[in-house]
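Student: Have a look at the structure that comes next, please.
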There are 2 protein chains.
Amino acid sequence: MSATSRYLGDHTFSVGEIPASDPGPGQVRIRVAWCGICGTDMHIFHGKMDARVKPPQTIGHEMSGTIEALGASVQGWAVGDPVTVRPLDSCGTCAACRAGHSHICMRLKFIGIDSPGAFQESWCVRADLLHRLPAGLPLDRAALVEPIAVACHDIRRAGLVAGEKAVVLGGGPIGLLVALVARAEGAETMVVEPDPGRRAFADGLDLATFDPGSGDPVAAAEAWTGGDGADVAFECSGAAACAELMTRLVRVRGRVCVVGIHTRPAPVDLFRLFWREVSVVGARVYEAADFDRAIALAADLPLGRMVTARFPLADIQAAFAAAPQAVKTLVACS
Amino acid sequence: MSATSRYLGDHTFSVGEIPASDPGPGQVRIRVAWCGICGTDMHIFHGKMDARVKPPQTIGHEMSGTIEALGASVQGWAVGDPVTVRPLDSCGTCAACRAGHSHICMRLKFIGIDSPGAFQESWCVRADLLHRLPAGLPLDRAALVEPIAVACHDIRRAGLVAGEKAVVLGGGPIGLLVALVARAEGAETMVVEPDPGRRAFADGLDLATFDPGSGDPVAAAEAWTGGDGADVAFECSGAAACAELMTRLVRVRGRVCVVGIHTRPAPVDLFRLFWREVSVVGARVYEAADFDRAIALAADLPLGRMVTARFPLADIQAAFAAAPQAVKTLVACS
C-alpha cells in the first residue's frame, strides 16, 4: 500500500492508503521524497482552478525522489536512481511543438494540475520527462529544481550574462530565485519589493533590495548604473504598477522579461520601449536545458534558507494552511 | 544666392534667398532636389516642438539631391554624385554609442529638427552621413529612402523573413511602407485600418486590408493563419486600442514591433505575452544598413502612387497646409 493525498475542493485534502500502481510502458514509478508547494498549488487550494483540476485530484509538481520500478521498454534508468520530473505533457503536433517550443505547446497539459501529481508516496510518470539528479544532491534541495528551472528559463529568455545588472521587480519565491540564479550566473541584482518582511528575507540571502516606498525605482536604477539604466528587468510581481515601471528601468536596447501573471491588460510605457529600443519578452515554465542548468546550480544556491517549513504528507492540510506564512514549504511524501 | 525656407513658428514659413554657404571641413554642400513632409514636420508646423526646434529654423530631412561642393578632407565623393542623408547626429561617447547603438544615442541630435534641414536649395551636411544613390534612381523616388529606411529597420528589428505573415496596425505612411517593404522581403501582410479612405488607398497598392469596425482583428489574424496567430505584428498606429491588441495577434514566440508613438502608458495584454512567450521590441529611426536596404528597394516599390502631392519650395506654406489630405507630399527644393 502507498500513501496518497487528494485535493477534494474548497481548501480540503484527504490522505489515505491505496495500492501502488504498476508503471505502464515507458513509465517509471518514483518513490517521492519531497514535494514543494507552488503558488499554483495555492491557487488550486483556494478553489480557483477547480474547473481545470477536477477534484478529487492528487496535485503537486515540485518534487524529488528515487525510481522504485521500471515499466516496459524503459531504457537508461535503474531502480534507485535519484530523479526529478519536468512536468510538461505536450501534444507534439501543434504549431508551437512543430516549431520546437513544446514547453509552451498550445494544448499543454501540466502534470500535477491537469493529471495526477506528486503529493503521494508512489508516482507513475513518463520516463522521457525524468532528469537525473547528482548522487550528492540532497533530495530536499532537489525538490526546488523545478522553481529554479523557472528562474533559469527567465534568465535565458532575458539573455542575462555575467557582468550585467538586473532589477528584479517582486521579492516572492520566484523573484528571489531569479535574483539568486542571476547572481550565480555572475550578474548583479537589485530586488524591488514593498513588503518589509520579504525585503528582510532577501537581505538575509545577501541580495540587494530597494523599497519602492522610499523613492523612485527608476531613479534608483539610474543611480546604480551611472545614469544608463539596468541591462535587464525581471517583472516577477504581477502588479500593474510594476508593468508601468518595467520599461523605464532599462538602458538603450535593454531587455525586460515578464514572468509575473497579469490577469488583465496593464499599462506599459511604450514610449520608453520605442525610444530606447527596449525588448519585452514573456517567459513561461522551462525547457529541458533549464532543468539541466537548475540541477547544476542547485548544490550552490542557499536553498536551505529558502525552505522555511516542512510537513509530513499526513499533514498536507496543515502544510497548505500555513504556506502563506512560509517562503517555501516542503512536504515529505515518503 | 540660394533659396531657403524657414519655419517661423505658429504654422508659418518664410521663403527667401541667402548666399550659399561653403561646406566646412568634412562636409559637402548638396543641391537638394526633393524633400518630403514627414509626420514630425507636421508636428513642428503645428507648433508642438517649438522648444526643441527653436524657430526660425530650416527643417526637413526626407531628401535627395546631388553634391555641388566638397569641403576640406572629404574623400570618396565627387561633385554631381546623387545622394541622400541619414540625418542622425550621435555623440559617440554615451553608453548607447559605445554599445554600437549610435542611431539611438542618448544625446541624439536629429538633423532637420535639432539643426538646419533640407527644405532649401543648398544644404551643407557631414559627408559621413551620405548614402550614395544609384544613377538610375529618380530623385523624387529617392526622397522616400528615409521613410523606407524606417520600415526596413522595423522589419529587421522584428526579424521578419520571407514566408512569414505580418499584421500591420495602422495604414498611415509608415504602416503602408512597412507593409510594402514586408511584401518586398517575401512576407504576407494584412493592414488593419479603420479609416475607409486609408483602406482604399492601401487596396490600391494591392495590400490586403482589414476594417476593425467589421470584426475582431484577433479572430481575423487567427483565421488567416489556421488558428496559430501571425508571426509578427507591427504597431504603427500609436492608438491605445492597438497596444491592447498587439500581443494577441501573434503566435507562440511571435514578435511585436512597436513603431507608433504612444505618448502615455497604454494597456498591453501581458498575460498573452507570458503565455505565448511573445517578444515586443521597440524600433526607432534606422541604422546605416537600413538606408542601404531602402536604397536597394526604392526602385521596385510603388512609390509613385504614394506621392500624391508636389509643391515648389516657394509654396512650402501651401504644401504643409495641404499635407493632411495627401499620403506623401514632396517639395521641389531646386
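Following the order of the C-alpha cells, first chain is A, next is B, and so on, with residues numbered from 1 inside each chain and ligands from 1 in the order they appear.
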Give me, as a ChimeraX atom specification, the contact residues of chain B against chain A at a cut-off of 7 Å, counting only C-alpha atoms.
Tutor: /B:95-96,104,228,244,252,258-259,261-271,273-284
Student: I'd like the neighbourhood of A:Trp77 as a ChimeraX atom specification, where a residue qualifies if any of its atoms comes within 9 Å (using only C-alpha atoms), though same-chain residues fewer than 5 positions away should be ignored.
Tutor: /A:28,67,70,127,132
Student: Got a sec: who's within 9 Å of stretch 51-55 of chain A, counting only C-alpha atoms, leaving out chain neighbours fewer than 3 positions off, as a PyMOL selection string?
Tutor: chain A and resi 6-9+44+47-48+58-59+112-115
Student: Just the residues within 12 Å of A:Ile37, please, counting only C-alpha atoms, with nothing from its chain fewer than 2 positions along; format it as a PDB file with N, CA and C atoms, in the first residue's frame.
Tutor:
ATOM      1  N   TRP A  34      10.333  14.416  -1.612  1.00  0.00           N
ATOM      2  CA  TRP A  34       9.818  15.719  -1.199  1.00  0.00           C
ATOM      3  C   TRP A  34       9.007  16.323  -2.342  1.00  0.00           C
ATOM      4  N   CYS A  35       7.981  17.088  -1.963  1.00  0.00           N
ATOM      5  CA  CYS A  35       7.245  17.866  -2.956  1.00  0.00           C
ATOM      6  C   CYS A  35       6.932  19.235  -2.356  1.00  0.00           C
ATOM      7  N   GLY A  39       2.973  28.414  -5.886  1.00  0.00           N
ATOM      8  CA  GLY A  39       1.883  29.384  -5.920  1.00  0.00           C
ATOM      9  C   GLY A  39       0.664  28.852  -6.651  1.00  0.00           C
ATOM     10  N   THR A  40       0.908  28.068  -7.690  1.00  0.00           N
ATOM     11  CA  THR A  40      -0.219  27.491  -8.432  1.00  0.00           C
ATOM     12  C   THR A  40      -0.978  26.493  -7.562  1.00  0.00           C
ATOM     13  N   ASP A  41      -0.245  25.713  -6.762  1.00  0.00           N
ATOM     14  CA  ASP A  41      -0.914  24.790  -5.836  1.00  0.00           C
ATOM     15  C   ASP A  41      -1.808  25.562  -4.863  1.00  0.00           C
ATOM     16  N   MET A  42      -1.335  26.737  -4.431  1.00  0.00           N
ATOM     17  CA  MET A  42      -2.153  27.554  -3.523  1.00  0.00           C
ATOM     18  C   MET A  42      -3.428  28.034  -4.215  1.00  0.00           C
ATOM     19  N   HIS A  43      -3.286  28.417  -5.523  1.00  0.00           N
ATOM     20  CA  HIS A  43      -4.495  28.798  -6.279  1.00  0.00           C
ATOM     21  C   HIS A  43      -5.481  27.633  -6.317  1.00  0.00           C
ATOM     22  N   ILE A  44      -4.956  26.421  -6.532  1.00  0.00           N
ATOM     23  CA  ILE A  44      -5.822  25.242  -6.554  1.00  0.00           C
ATOM     24  C   ILE A  44      -6.497  25.078  -5.195  1.00  0.00           C
ATOM     25  N   PHE A  45      -5.707  25.174  -4.127  1.00  0.00           N
ATOM     26  CA  PHE A  45      -6.204  25.022  -2.750  1.00  0.00           C
ATOM     27  C   PHE A  45      -7.346  25.992  -2.471  1.00  0.00           C
ATOM     28  N   ILE A  59      -2.399  16.531  -6.551  1.00  0.00           N
ATOM     29  CA  ILE A  59      -1.665  17.612  -7.223  1.00  0.00           C
ATOM     30  C   ILE A  59      -0.198  17.562  -6.800  1.00  0.00           C
ATOM     31  N   GLY A  60       0.581  18.595  -7.174  1.00  0.00           N
ATOM     32  CA  GLY A  60       1.986  18.682  -6.776  1.00  0.00           C
ATOM     33  C   GLY A  60       2.939  18.413  -7.927  1.00  0.00           C
ATOM     34  N   HIS A  61       3.949  19.271  -8.100  1.00  0.00           N
ATOM     35  CA  HIS A  61       4.873  19.105  -9.233  1.00  0.00           C
ATOM     36  C   HIS A  61       6.297  19.544  -8.929  1.00  0.00           C
ATOM     37  N   GLU A  62       6.576  20.080  -7.741  1.00  0.00           N
ATOM     38  CA  GLU A  62       7.952  20.487  -7.393  1.00  0.00           C
ATOM     39  C   GLU A  62       8.564  19.362  -6.566  1.00  0.00           C
ATOM     40  N   MET A  63       9.088  18.347  -7.214  1.00  0.00           N
ATOM     41  CA  MET A  63       9.369  17.115  -6.480  1.00  0.00           C
ATOM     42  C   MET A  63      10.775  16.556  -6.705  1.00  0.00           C
ATOM     43  N   GLY A 112       0.356  17.261 -12.594  1.00  0.00           N
ATOM     44  CA  GLY A 112       0.172  17.767 -11.233  1.00  0.00           C
ATOM     45  C   GLY A 112      -0.928  18.806 -11.165  1.00  0.00           C
ATOM     46  N   GLY A 117      -0.455  14.354  -9.706  1.00  0.00           N
ATOM     47  CA  GLY A 117       0.833  14.907  -9.323  1.00  0.00           C
ATOM     48  C   GLY A 117       1.518  14.158  -8.202  1.00  0.00           C
ATOM     49  N   ALA A 118       2.426  14.828  -7.527  1.00  0.00           N
ATOM     50  CA  ALA A 118       3.454  14.184  -6.703  1.00  0.00           C
ATOM     51  C   ALA A 118       3.222  14.238  -5.209  1.00  0.00           C
ATOM     52  N   PHE A 119       2.115  14.796  -4.746  1.00  0.00           N
ATOM     53  CA  PHE A 119       1.850  14.757  -3.302  1.00  0.00           C
ATOM     54  C   PHE A 119       1.337  13.370  -2.925  1.00  0.00           C
ATOM     55  N   ALA A 143      14.075  19.103  -4.562  1.00  0.00           N
ATOM     56  CA  ALA A 143      12.658  19.426  -4.768  1.00  0.00           C
ATOM     57  C   ALA A 143      12.492  20.860  -5.269  1.00  0.00           C
ATOM     58  N   LEU A 144      13.557  21.679  -5.151  1.00  0.00           N
ATOM     59  CA  LEU A 144      13.467  23.057  -5.644  1.00  0.00           C
ATOM     60  C   LEU A 144      13.989  23.206  -7.076  1.00  0.00           C
ATOM     61  N   GLU A 146      12.580  22.394  -9.806  1.00  0.00           N
ATOM     62  CA  GLU A 146      11.538  22.902 -10.720  1.00  0.00           C
ATOM     63  C   GLU A 146      11.419  24.423 -10.639  1.00  0.00           C
ATOM     64  N   PRO A 147      11.232  25.038  -9.460  1.00  0.00           N
ATOM     65  CA  PRO A 147      11.187  26.510  -9.466  1.00  0.00           C
ATOM     66  C   PRO A 147      12.519  27.152  -9.862  1.00  0.00           C
ATOM     67  N   PRO A 173       8.846  34.049  -3.973  1.00  0.00           N
ATOM     68  CA  PRO A 173       9.757  32.920  -4.220  1.00  0.00           C
ATOM     69  C   PRO A 173      10.398  32.968  -5.611  1.00  0.00           C
ATOM     70  N   VAL A 307      13.806  27.185   2.312  1.00  0.00           N
ATOM     71  CA  VAL A 307      12.808  26.239   2.831  1.00  0.00           C
ATOM     72  C   VAL A 307      12.554  26.583   4.290  1.00  0.00           C
ATOM     73  N   THR A 308      11.408  27.175   4.562  1.00  0.00           N
ATOM     74  CA  THR A 308      11.135  27.655   5.916  1.00  0.00           C
ATOM     75  C   THR A 308      10.076  26.819   6.625  1.00  0.00           C
ATOM     76  N   ALA A 309       9.525  25.795   5.957  1.00  0.00           N
ATOM     77  CA  ALA A 309       8.534  24.934   6.620  1.00  0.00           C
ATOM     78  C   ALA A 309       8.561  23.554   5.982  1.00  0.00           C
ATOM     79  N   ARG A 310       8.420  22.520   6.829  1.00  0.00           N
ATOM     80  CA  ARG A 310       8.390  21.127   6.370  1.00  0.00           C
ATOM     81  C   ARG A 310       7.264  20.405   7.100  1.00  0.00           C
ATOM     82  N   PHE A 311       6.536  19.600   6.362  1.00  0.00           N
ATOM     83  CA  PHE A 311       5.415  18.843   6.941  1.00  0.00           C
ATOM     84  C   PHE A 311       5.450  17.430   6.375  1.00  0.00           C
ATOM     85  N   LEU A 313       3.449  14.121   4.785  1.00  0.00           N
ATOM     86  CA  LEU A 313       2.297  14.038   3.872  1.00  0.00           C
ATOM     87  C   LEU A 313       0.982  13.950   4.648  1.00  0.00           C
ATOM     88  N   ILE A 316      -0.635  17.334   5.118  1.00  0.00           N
ATOM     89  CA  ILE A 316      -0.662  18.226   3.954  1.00  0.00           C
ATOM     90  C   ILE A 316      -1.694  19.344   4.128  1.00  0.00           C
ATOM     91  N   GLN A 317      -2.790  19.029   4.808  1.00  0.00           N
ATOM     92  CA  GLN A 317      -3.806  20.063   5.061  1.00  0.00           C
ATOM     93  C   GLN A 317      -3.191  21.226   5.841  1.00  0.00           C
ATOM     94  N   ALA A 318      -2.448  20.918   6.888  1.00  0.00           N
ATOM     95  CA  ALA A 318      -1.798  21.960   7.692  1.00  0.00           C
ATOM     96  C   ALA A 318      -0.705  22.665   6.896  1.00  0.00           C
ATOM     97  N   ALA A 319      -0.010  21.900   6.041  1.00  0.00           N
ATOM     98  CA  ALA A 319       1.055  22.491   5.230  1.00  0.00           C
ATOM     99  C   ALA A 319       0.491  23.595   4.338  1.00  0.00           C
ATOM    100  N   PHE A 320      -0.638  23.312   3.669  1.00  0.00           N
ATOM    101  CA  PHE A 320      -1.252  24.315   2.795  1.00  0.00           C
ATOM    102  C   PHE A 320      -1.810  25.489   3.596  1.00  0.00           C
ATOM    103  N   ALA A 321      -2.383  25.198   4.756  1.00  0.00           N
ATOM    104  CA  ALA A 321      -2.950  26.280   5.564  1.00  0.00           C
ATOM    105  C   ALA A 321      -1.867  27.244   6.019  1.00  0.00           C
ATOM    106  N   ALA A 322      -0.657  26.713   6.302  1.00  0.00           N
ATOM    107  CA  ALA A 322       0.430  27.550   6.817  1.00  0.00           C
ATOM    108  C   ALA A 322       1.315  28.116   5.710  1.00  0.00           C
ATOM    109  N   ALA A 323       1.145  27.653   4.476  1.00  0.00           N
ATOM    110  CA  ALA A 323       2.059  28.041   3.397  1.00  0.00           C
ATOM    111  C   ALA A 323       2.159  29.550   3.177  1.00  0.00           C
ATOM    112  N   PRO A 324       1.073  30.326   3.334  1.00  0.00           N
ATOM    113  CA  PRO A 324       1.220  31.772   3.107  1.00  0.00           C
ATOM    114  C   PRO A 324       2.236  32.430   4.035  1.00  0.00           C
ATOM    115  N   ALA A 326       5.040  30.925   4.966  1.00  0.00           N
ATOM    116  CA  ALA A 326       6.366  30.379   4.663  1.00  0.00           C
ATOM    117  C   ALA A 326       6.913  31.003   3.383  1.00  0.00           C
ATOM    118  N   VAL A 327       8.222  30.897   3.173  1.00  0.00           N
ATOM    119  CA  VAL A 327       8.774  31.215   1.858  1.00  0.00           C
ATOM    120  C   VAL A 327       8.568  29.999   0.962  1.00  0.00           C
ATOM    121  N   LYS A 328       9.157  28.886   1.320  1.00  0.00           N
ATOM    122  CA  LYS A 328       8.925  27.648   0.580  1.00  0.00           C
ATOM    123  C   LYS A 328       8.620  26.538   1.576  1.00  0.00           C
ATOM    124  N   THR A 329       7.510  25.854   1.365  1.00  0.00           N
ATOM    125  CA  THR A 329       7.085  24.722   2.190  1.00  0.00           C
ATOM    126  C   THR A 329       7.352  23.435   1.433  1.00  0.00           C
ATOM    127  N   LEU A 330       7.992  22.484   2.109  1.00  0.00           N
ATOM    128  CA  LEU A 330       8.186  21.151   1.529  1.00  0.00           C
ATOM    129  C   LEU A 330       7.340  20.132   2.284  1.00  0.00           C
ATOM    130  N   VAL A 331       6.793  19.178   1.530  1.00  0.00           N
ATOM    131  CA  VAL A 331       6.044  18.073   2.120  1.00  0.00           C
ATOM    132  C   VAL A 331       6.860  16.793   1.917  1.00  0.00           C
ATOM    133  N   ALA A 332       7.120  16.087   3.020  1.00  0.00           N
ATOM    134  CA  ALA A 332       7.831  14.800   2.957  1.00  0.00           C
ATOM    135  C   ALA A 332       6.817  13.733   2.560  1.00  0.00           C
TER     136      ALA A 332
END
Student: Going by DSSP on the backbone, which residues of stretch 168-311 of chain B come out as alpha helix (DSSP H)? List them as an MDAnalysis selection string.
Tutor: chainID B and resid 173:184 196:204 217:224 240:246 270:275 288:298 303:306
Student: Show me, as a PyMOL selection string, the residues that have an atom within 12 Å of stretch 193-207 of chain A when counting only C-alpha atoms, minus same-chain residues fewer than 4 positions from it.
Tutor: chain A and resi 166-184+187-189+211-217+235-237+239+241-242+301-308+325-328
Student: Output N, CA and C atoms for every residue in the selection just made, as a CSV table (one decimal), in the first residue's frame.
Tutor:
chain,number,residue,atom,x,y,z
A,166,ALA,N,20.7,43.6,-13.2
A,166,ALA,CA,19.3,43.3,-13.4
A,166,ALA,C,18.5,43.8,-12.2
A,167,VAL,N,17.4,44.5,-12.5
A,167,VAL,CA,16.4,44.8,-11.5
A,167,VAL,C,15.4,43.7,-11.5
A,168,VAL,N,15.1,43.2,-10.3
A,168,VAL,CA,14.0,42.2,-10.1
A,168,VAL,C,12.8,42.8,-9.4
A,169,LEU,N,11.7,42.9,-10.1
A,169,LEU,CA,10.5,43.5,-9.5
A,169,LEU,C,9.7,42.4,-8.8
A,170,GLY,N,9.7,42.4,-7.5
A,170,GLY,CA,8.9,41.4,-6.7
A,170,GLY,C,9.9,40.5,-6.0
A,171,GLY,N,9.7,40.3,-4.7
A,171,GLY,CA,10.6,39.5,-3.9
A,171,GLY,C,9.9,38.3,-3.4
A,172,GLY,N,8.9,37.7,-4.1
A,172,GLY,CA,8.3,36.4,-3.8
A,172,GLY,C,9.3,35.3,-4.1
A,173,PRO,N,8.8,34.0,-4.0
A,173,PRO,CA,9.8,32.9,-4.2
A,173,PRO,C,10.4,33.0,-5.6
A,174,ILE,N,9.6,33.3,-6.7
A,174,ILE,CA,10.2,33.3,-8.0
A,174,ILE,C,11.2,34.5,-8.2
A,175,GLY,N,10.8,35.6,-7.7
A,175,GLY,CA,11.7,36.8,-7.7
A,175,GLY,C,13.0,36.5,-7.0
A,176,LEU,N,12.9,35.9,-5.9
A,176,LEU,CA,14.2,35.6,-5.1
A,176,LEU,C,15.0,34.6,-5.9
A,177,LEU,N,14.4,33.5,-6.5
A,177,LEU,CA,15.2,32.5,-7.2
A,177,LEU,C,15.7,33.2,-8.5
A,178,VAL,N,15.0,34.1,-9.1
A,178,VAL,CA,15.6,34.8,-10.3
A,178,VAL,C,16.8,35.5,-9.9
A,179,ALA,N,16.7,36.2,-8.7
A,179,ALA,CA,17.9,37.0,-8.3
A,179,ALA,C,19.0,36.1,-7.9
A,180,LEU,N,18.7,35.0,-7.2
A,180,LEU,CA,19.8,34.0,-6.8
A,180,LEU,C,20.5,33.4,-8.0
A,181,VAL,N,19.7,33.0,-9.0
A,181,VAL,CA,20.3,32.4,-10.2
A,181,VAL,C,21.1,33.5,-11.0
A,182,ALA,N,20.5,34.7,-11.1
A,182,ALA,CA,21.2,35.7,-11.8
A,182,ALA,C,22.6,36.0,-11.1
A,183,ARG,N,22.6,36.0,-9.8
A,183,ARG,CA,23.9,36.1,-9.1
A,183,ARG,C,24.8,35.0,-9.4
A,184,ALA,N,24.3,33.8,-9.4
A,184,ALA,CA,25.1,32.6,-9.6
A,184,ALA,C,25.7,32.6,-11.0
A,187,ALA,N,25.8,37.9,-12.6
A,187,ALA,CA,25.1,39.2,-12.7
A,187,ALA,C,24.9,39.9,-11.4
A,188,GLU,N,24.8,41.2,-11.3
A,188,GLU,CA,24.4,41.9,-10.1
A,188,GLU,C,22.9,42.1,-10.1
A,189,THR,N,22.2,42.1,-9.0
A,189,THR,CA,20.8,42.3,-9.0
A,189,THR,C,20.4,43.3,-7.9
A,211,ASP,N,13.3,49.5,-1.5
A,211,ASP,CA,11.9,49.7,-1.0
A,211,ASP,C,11.3,50.8,-1.9
A,212,PRO,N,10.3,50.4,-2.8
A,212,PRO,CA,9.7,51.4,-3.7
A,212,PRO,C,8.9,52.5,-2.9
A,213,GLY,N,8.7,52.3,-1.6
A,213,GLY,CA,8.1,53.3,-0.8
A,213,GLY,C,9.1,54.4,-0.4
A,214,SER,N,10.4,54.1,-0.5
A,214,SER,CA,11.4,55.0,-0.1
A,214,SER,C,11.9,55.9,-1.2
A,215,GLY,N,11.4,55.7,-2.4
A,215,GLY,CA,11.9,56.5,-3.5
A,215,GLY,C,11.5,55.9,-4.9
A,216,ASP,N,12.0,56.5,-5.9
A,216,ASP,CA,11.6,56.1,-7.3
A,216,ASP,C,12.5,55.0,-7.8
A,217,PRO,N,12.0,53.8,-8.1
A,217,PRO,CA,12.9,52.7,-8.5
A,217,PRO,C,13.6,53.1,-9.8
A,235,GLU,N,10.1,41.2,-14.4
A,235,GLU,CA,8.8,41.6,-13.8
A,235,GLU,C,8.2,40.3,-13.2
A,236,CYS,N,8.5,40.1,-11.9
A,236,CYS,CA,8.0,38.9,-11.2
A,236,CYS,C,6.9,39.2,-10.2
A,237,SER,N,6.3,40.4,-10.3
A,237,SER,CA,5.3,40.8,-9.2
A,237,SER,C,3.9,40.5,-9.7
A,239,ALA,N,2.1,42.9,-10.6
A,239,ALA,CA,1.4,44.1,-10.2
A,239,ALA,C,1.4,45.1,-11.4
A,241,ALA,N,1.5,48.3,-11.3
A,241,ALA,CA,2.4,49.4,-11.1
A,241,ALA,C,3.8,49.0,-11.6
A,242,CYS,N,4.1,47.7,-11.5
A,242,CYS,CA,5.4,47.2,-12.0
A,242,CYS,C,5.4,47.1,-13.5
A,301,LEU,N,23.2,27.1,-4.5
A,301,LEU,CA,22.3,28.2,-4.1
A,301,LEU,C,21.9,28.0,-2.6
A,302,PRO,N,21.5,29.1,-1.9
A,302,PRO,CA,21.2,29.0,-0.5
A,302,PRO,C,19.8,28.5,-0.3
A,303,LEU,N,19.5,27.3,-0.8
A,303,LEU,CA,18.2,26.8,-0.8
A,303,LEU,C,17.7,26.4,0.7
A,304,GLY,N,18.7,26.0,1.5
A,304,GLY,CA,18.3,25.7,2.9
A,304,GLY,C,17.6,26.8,3.6
A,305,ARG,N,18.0,28.0,3.3
A,305,ARG,CA,17.3,29.2,3.9
A,305,ARG,C,16.0,29.5,3.3
A,306,MET,N,15.8,29.0,2.0
A,306,MET,CA,14.5,29.3,1.3
A,306,MET,C,13.4,28.4,1.9
A,307,VAL,N,13.8,27.2,2.3
A,307,VAL,CA,12.8,26.2,2.8
A,307,VAL,C,12.6,26.6,4.3
A,308,THR,N,11.4,27.2,4.6
A,308,THR,CA,11.1,27.7,5.9
A,308,THR,C,10.1,26.8,6.6
A,325,GLN,N,2.5,31.8,5.2
A,325,GLN,CA,3.5,32.4,6.1
A,325,GLN,C,4.9,31.9,5.8
A,326,ALA,N,5.0,30.9,5.0
A,326,ALA,CA,6.4,30.4,4.7
A,326,ALA,C,6.9,31.0,3.4
A,327,VAL,N,8.2,30.9,3.2
A,327,VAL,CA,8.8,31.2,1.9
A,327,VAL,C,8.6,30.0,1.0
A,328,LYS,N,9.2,28.9,1.3
A,328,LYS,CA,8.9,27.6,0.6
A,328,LYS,C,8.6,26.5,1.6
Student: For A:Val83, which of A:Phe110, A:Ala289, A:Phe234, A:Leu129 is the closest residue, counting only C-alpha atoms?
Tutor: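 Of A:Phe110, A:Ala289, A:Phe234, A:Leu129, the one nearest A:Val83 is A:Leu129, counting only C-alpha atoms.
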Student: Closest to B:Pro25 among B:Ala142, B:Ala69, B:Ala149, B:Ala208, using only C-alpha atoms?
Tutor: B:Ala69
Student: Please identify which residues in stretch 6-127 of chain A DSSP calls strand (DSSP E) from the backbone, and express them as a ChimeraX atom specification.
Tutor: /A:6-9,12-18,27-36,62-70,82-85,88-89,109-110,122-126
Student: Using only C-alpha atoms, which of B:Asp89, B:Ala288, B:Arg126, B:Ala230 sits nearest B:Ile111?
Tutor: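 Smallest distance to B:Ile111 is found for B:Asp89.
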